[in-house]
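Colleague: The structure that follows is given in the form of structure tokens.
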Amino acid sequence: MYFLVGFVLLSIASYIDVRTKTVPYFLSYFMISAGVILQSIRSIEYGISHIILVGIYTLIVFAFGYLRFKAGQWGGGDAVILLGTMYYLITPKNYLAPIEFIILSFFCGALYGVFYILYRGIKAKINIKREVTIALAGVAILLVASQKGLTSLLVGLLVSILCTIPLIKKVEEKAMVVKIPASKVVEGDWIAEPVKLRNIVIEPKKTGLTEKEAEIIRKLYRQGKVKKVTVKDGVPFIPSFLIAYLIMAVLNLV
């Protein structure tokens, strides 16, 4: 039941993330609340040690998600959904499942992210043949390195990541920086250019717009002072959590 509840909530969050790029906080907090309740029920059977472990994992995963958010690598919703997902993975069968999930989500996220970037580049009809060739060379190096041992695998992984950077950069610049009506901005949007009007200056920052800043921009739109805002359209990351979650089940790790 625990896994099924997590799967349903994570599926809903993934769908919303793909469609709107913003997961409502009420869904994130519901996911956390339901997970805490389910783990509290489980602790009746497994005792105080289970509660302590859940508490430790909460601190670790919260800190990890917060650091990714502050670094501008994730939106706030991504970090909160990661924390919520953790509560559906902690089982007596495998207490290391949350750590395994985070590691797996890195690989799933990287692969998913490259395919998403490729899709956006093709959709925008950008000439990315050279960048795709470099990325494929990186994949070939990784495949060869994976046969040579752990050290070679890690080196190959680093090289393959570096080989995808030209593709990511070009698509980001050509297809993922867009102008949207100022009325549509929401908390967490990454603006690519400052919004300036007399004594009002809202600068781009890694963590995106705050709700207060987003409301100021929407107010300026209603007053007819700002029509459009340039924002960076990021990769919806939550589907990579769903992929990793399903792989965990296939590998019988939860």
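Scheme for the structure tokens: letters A, B, ... for chains in order shown; per-chain residue numbers from 1; ligand numbers from 1 in order shown.
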Can you pull out the residues contacting Leu142 in chain A? Cut-off 8 Å, using only C-alpha atoms, and skip same-chain residues under 2 positions away; I want them as a PyMOL selection string.
Modeller: chain A and resi 138-140+144-146+153+156-157+159-160
Colleague: Deliver the residues from the most recent selection as a file, using C-alpha atoms, as a PDB file, in the first residue's frame.
Modeller:
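Generated output (selection.pdb):
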```pdb
ATOM      1  CA  GLY A 138      30.630  10.778 -24.906  1.00  0.00           C
ATOM      2  CA  VAL A 139      28.118   7.926 -24.686  1.00  0.00           C
ATOM      3  CA  ALA A 140      30.472   5.686 -26.705  1.00  0.00           C
ATOM      4  CA  VAL A 144      33.744   1.374 -23.444  1.00  0.00           C
ATOM      5  CA  ALA A 145      34.849   2.609 -20.032  1.00  0.00           C
ATOM      6  CA  SER A 146      32.088   0.627 -18.288  1.00  0.00           C
ATOM      7  CA  LEU A 153      33.676   3.954 -15.418  1.00  0.00           C
ATOM      8  CA  GLY A 156      34.014   7.762 -18.636  1.00  0.00           C
ATOM      9  CA  LEU A 157      30.979   9.143 -16.797  1.00  0.00           C
ATOM     10  CA  VAL A 159      33.778  12.668 -19.926  1.00  0.00           C
ATOM     11  CA  SER A 160      30.269  11.799 -21.128  1.00  0.00           C
TER      12      SER A 160
END
```
Colleague: Where does range 87-124 of chain A meet range 241-248 of chain A within 12 Å, residue by residue, with the nearest atom pair and distance in Å to one decimal for each, counting only C-alpha atoms, listed by chain and rising number, as a tab-separated table?
Modeller:
```
residue	atom	partner	partner_atom	distance
A:Tyr88	CA	A:Tyr245	CA	9.8
A:Leu89	CA	A:Tyr245	CA	8.7
A:Asn94	CA	A:Met248	CA	11.0
A:Leu96	CA	A:Met248	CA	11.6
A:Ala97	CA	A:Met248	CA	8.2
A:Pro98	CA	A:Met248	CA	10.0
A:Ile99	CA	A:Met248	CA	11.3
A:Glu100	CA	A:Met248	CA	8.3
A:Phe101	CA	A:Ala244	CA	6.5
A:Ile102	CA	A:Ala244	CA	8.4
A:Ile103	CA	A:Ala244	CA	9.1
A:Leu104	CA	A:Ala244	CA	5.9
A:Ser105	CA	A:Ala244	CA	5.2
A:Phe106	CA	A:Ala244	CA	8.8
A:Phe107	CA	A:Ala244	CA	8.6
A:Cys108	CA	A:Ala244	CA	6.2
A:Gly109	CA	A:Phe241	CA	7.5
A:Ala110	CA	A:Phe241	CA	11.3
A:Leu111	CA	A:Ile243	CA	10.7
A:Tyr112	CA	A:Ile243	CA	9.0
A:Gly113	CA	A:Phe241	CA	11.8
```
Colleague: Nearest residue to Ile141 in chain A out of A:Ile216, A:Val155, A:Lys129, A:Tyr25, using only C-alpha atoms?
Modeller: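 Nearest to Ile141 in chain A: A:Val155.
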Colleague: Counting only C-alpha atoms, what is within 6 Å of Ala214 in chain A, bar same-chain residues fewer than 2 positions away, as a list in words?
Modeller: Val185, Val186, Glu187, Glu211, Lys212, Ile216 and Ile217 of chain A
Colleague: For Gly72 in chain A, list every protein, DNA or RNA residue within 10 Å, evaluated using only C-alpha atoms, and leave out those in the same chain fewer than 6 positions away; present the list as a ChimeraX atom specification.
Modeller: /A:66,190,205-208
Colleague: Next, write the just-selected residues to a file, as a CSV table (one decimal), in the first residue's frame, keeping C-alpha atoms as the atom set.
Modeller:
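For reference, again-v5.csv as written:
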```
chain,number,residue,atom,x,y,z
A,66,TYR,CA,17.7,22.4,0.2
A,190,TRP,CA,13.8,31.9,-13.3
A,205,LYS,CA,18.7,34.7,-9.0
A,206,LYS,CA,19.4,31.0,-8.7
A,207,THR,CA,16.4,30.2,-6.5
A,208,GLY,CA,13.9,32.0,-8.8
```
Colleague: Using only C-alpha atoms, which of the listed residues (A:Glu173, A:Glu203, A:Glu45, A:Glu215) sits closest to Lys232 in chain A?
Modeller: A:Glu173
Colleague: Write out as number ranges by chain all residues of range 60-150 of chain A that backbone DSSP assigns to helix (DSSP H, G or I).
Modeller: A: 60-70, 76-86, 97-123, 129-145, 150
Colleague: Record the distance separating CA of Glu172 in chain A and CA of Lys21 in chain A, expressed in Å with one decimal.
Modeller: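 So the answer is 15.6 Å.
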Colleague: Counting only C-alpha atoms, figure out which residue out of A:Leu220, A:Val114, A:Ala137, A:Leu83 gets nearest to Ser33 in chain A.
Modeller: A:Leu83
Colleague: Return the single residue from A:Ile51, A:Val80, A:Leu143, A:Met176 that is closest to Leu118 in chain A, with distances computed using only C-alpha atoms.
Modeller: A:Met176
Colleague: Excluding Lys179 in chain A and its own-chain neighbours fewer than 2 positions away, which residues fall within 8 Å of it when counting only C-alpha atoms? Please give them as a VMD selection string.
Modeller: chain A and resid 177 181 228 to 231
Colleague: The selected residues should be written to file as a PDB file, in the first residue's frame (atoms: N, CA and C atoms).
Modeller:
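Listing of result36.pdb after writing:
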```pdb
ATOM      1  N   VAL A 177      14.930  29.919 -23.409  1.00  0.00           N
ATOM      2  CA  VAL A 177      14.809  31.269 -22.861  1.00  0.00           C
ATOM      3  C   VAL A 177      13.695  31.941 -23.651  1.00  0.00           C
ATOM      4  N   PRO A 181       3.892  36.480 -20.978  1.00  0.00           N
ATOM      5  CA  PRO A 181       3.162  37.612 -20.406  1.00  0.00           C
ATOM      6  C   PRO A 181       3.486  37.757 -18.919  1.00  0.00           C
ATOM      7  N   LYS A 228       5.804  41.898 -20.914  1.00  0.00           N
ATOM      8  CA  LYS A 228       6.391  40.566 -21.007  1.00  0.00           C
ATOM      9  C   LYS A 228       7.656  40.462 -20.155  1.00  0.00           C
ATOM     10  N   VAL A 229       7.963  39.225 -19.757  1.00  0.00           N
ATOM     11  CA  VAL A 229       9.151  38.951 -18.951  1.00  0.00           C
ATOM     12  C   VAL A 229       9.900  37.791 -19.595  1.00  0.00           C
ATOM     13  N   THR A 230      11.232  37.900 -19.641  1.00  0.00           N
ATOM     14  CA  THR A 230      12.057  36.825 -20.202  1.00  0.00           C
ATOM     15  C   THR A 230      12.415  35.835 -19.102  1.00  0.00           C
ATOM     16  N   VAL A 231      12.034  34.586 -19.295  1.00  0.00           N
ATOM     17  CA  VAL A 231      12.291  33.561 -18.277  1.00  0.00           C
ATOM     18  C   VAL A 231      13.026  32.372 -18.885  1.00  0.00           C
TER      19      VAL A 231
END
```
Colleague: Any idea what's packed within 9 Å of Val5 in chain A, counting only C-alpha atoms, ignoring anything in its chain fewer than 6 positions away? Could you give it as a compact mmCIF listing (two decimals) with N, CA and C atoms, in the first residue's frame?
Modeller:
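Result went into selection.txt, see below:
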```
# COMPACT_ATOMS: atom_id res chain seq x y z
N MET A 31 1.63 15.06 0.19
CA MET A 31 2.48 13.88 0.02
C MET A 31 3.33 13.63 1.27
N ALA A 34 0.86 12.62 4.30
CA ALA A 34 0.39 11.23 4.18
C ALA A 34 1.52 10.26 4.47
N GLY A 35 2.72 10.59 4.00
CA GLY A 35 3.87 9.72 4.24
C GLY A 35 4.22 9.63 5.72
N TYR A 88 7.81 7.00 1.40
CA TYR A 88 7.20 5.79 0.83
C TYR A 88 8.23 4.73 0.48
```
Colleague: Name all residues at most 12 Å from Ala124 in chain A (count only C-alpha atoms; drop same-chain ones fewer than 2 positions away) and give them as an MDAnalysis selection string.
Modeller: chainID A and resid 117:122 126:128 170:178
Colleague: Grab the residues selected above and save them as a short mmCIF file (atom, residue, chain, number, x, y, z; two decimals), in the first residue's frame with N, CA and C atoms.
Modeller:
```
data_model
loop_
_atom_site.label_atom_id
_atom_site.label_comp_id
_atom_site.auth_asym_id
_atom_site.auth_seq_id
_atom_site.Cartn_x
_atom_site.Cartn_y
_atom_site.Cartn_z
N ILE A 117 16.21 17.70 -23.37
CA ILE A 117 16.90 18.78 -24.07
C ILE A 117 16.93 18.51 -25.57
N LEU A 118 17.21 17.25 -25.93
CA LEU A 118 17.23 16.87 -27.34
C LEU A 118 15.86 17.10 -27.98
N TYR A 119 14.81 16.71 -27.26
CA TYR A 119 13.44 16.91 -27.76
C TYR A 119 13.14 18.39 -27.98
N ARG A 120 13.56 19.23 -27.02
CA ARG A 120 13.30 20.66 -27.16
C ARG A 120 14.08 21.26 -28.33
N GLY A 121 15.30 20.77 -28.54
CA GLY A 121 16.11 21.25 -29.64
C GLY A 121 15.50 20.89 -30.99
N ILE A 122 15.03 19.64 -31.11
CA ILE A 122 14.41 19.20 -32.36
C ILE A 122 13.10 19.93 -32.60
N ILE A 126 16.37 23.58 -34.16
CA ILE A 126 17.71 24.13 -34.02
C ILE A 126 18.71 23.17 -34.66
N ASN A 127 19.72 23.70 -35.30
CA ASN A 127 20.77 22.87 -35.89
C ASN A 127 21.71 22.40 -34.77
N ILE A 128 21.52 21.16 -34.31
CA ILE A 128 22.32 20.64 -33.20
C ILE A 128 23.07 19.37 -33.60
N LYS A 170 23.49 25.06 -25.94
CA LYS A 170 22.92 25.60 -27.17
C LYS A 170 21.40 25.58 -27.13
N VAL A 171 20.82 24.47 -26.68
CA VAL A 171 19.36 24.37 -26.62
C VAL A 171 18.81 25.35 -25.58
N GLU A 172 19.49 25.47 -24.44
CA GLU A 172 19.04 26.42 -23.43
C GLU A 172 18.99 27.84 -23.99
N GLU A 173 20.03 28.23 -24.73
CA GLU A 173 20.11 29.59 -25.26
C GLU A 173 19.10 29.84 -26.37
N LYS A 174 18.88 28.82 -27.22
CA LYS A 174 18.06 29.00 -28.41
C LYS A 174 16.58 28.66 -28.22
N ALA A 175 16.28 27.76 -27.28
CA ALA A 175 14.90 27.26 -27.19
C ALA A 175 14.29 27.36 -25.79
N MET A 176 15.10 27.59 -24.77
CA MET A 176 14.57 27.52 -23.41
C MET A 176 14.64 28.85 -22.67
N VAL A 177 14.93 29.92 -23.41
CA VAL A 177 14.81 31.27 -22.86
C VAL A 177 13.69 31.94 -23.65
N VAL A 178 12.57 32.15 -23.01
CA VAL A 178 11.37 32.61 -23.71
C VAL A 178 10.75 33.82 -23.02
#
```
Colleague: From a DSSP calculation on the backbone, collect every residue of range 71-206 of chain A in strand (DSSP E or B) and output the set as a list in words.
Modeller: Thr91, Asn94, Val177, Val178, Lys179, Ile180, Pro181, Trp190, Ile191, Val195, Lys196, Leu197, Ile200, Val201 and Ile202 of chain A
Colleague: Save out the residues we just selected, C-alpha atoms, as a PDB file, in the first residue's frame.
Modeller:
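Listed below is the output, result_37.pdb:
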```pdb
ATOM      1  CA  THR A  91      10.773  -0.115   4.804  1.00  0.00           C
ATOM      2  CA  ASN A  94      15.530  -2.196   2.888  1.00  0.00           C
ATOM      3  CA  VAL A 177      14.809  31.269 -22.861  1.00  0.00           C
ATOM      4  CA  VAL A 178      11.368  32.611 -23.715  1.00  0.00           C
ATOM      5  CA  LYS A 179       9.223  35.700 -23.239  1.00  0.00           C
ATOM      6  CA  ILE A 180       5.928  35.187 -21.411  1.00  0.00           C
ATOM      7  CA  PRO A 181       3.162  37.612 -20.406  1.00  0.00           C
ATOM      8  CA  TRP A 190      13.784  31.906 -13.260  1.00  0.00           C
ATOM      9  CA  ILE A 191      13.866  35.285 -14.951  1.00  0.00           C
ATOM     10  CA  VAL A 195      12.766  43.624 -14.363  1.00  0.00           C
ATOM     11  CA  LYS A 196      13.350  47.349 -13.894  1.00  0.00           C
ATOM     12  CA  LEU A 197      10.917  50.221 -13.454  1.00  0.00           C
ATOM     13  CA  ILE A 200      11.678  48.726  -8.676  1.00  0.00           C
ATOM     14  CA  VAL A 201      14.466  46.299  -9.609  1.00  0.00           C
ATOM     15  CA  ILE A 202      13.996  42.522  -9.576  1.00  0.00           C
TER      16      ILE A 202
END
```
Colleague: Which one of A:Met86, A:Ala71, A:Ile134, A:Leu253 sits closest to Gly55 in chain A if you count only C-alpha atoms?
Modeller: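 Closest to Gly55 in chain A, using only C-alpha atoms: A:Met86.
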Colleague: Between A:Gly76, A:Arg198, A:Ser240, A:Leu167, which one has atoms that come closest to Tyr15 in chain A, using only C-alpha atoms?
Modeller: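 The closest residue to Tyr15 in chain A is A:Ser240.
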Colleague: Would you compute the distance between CA of Gln147 in chain A and CA of Leu251 in chain A? Give it in Å to one decimal.
Modeller: 21.8 Å
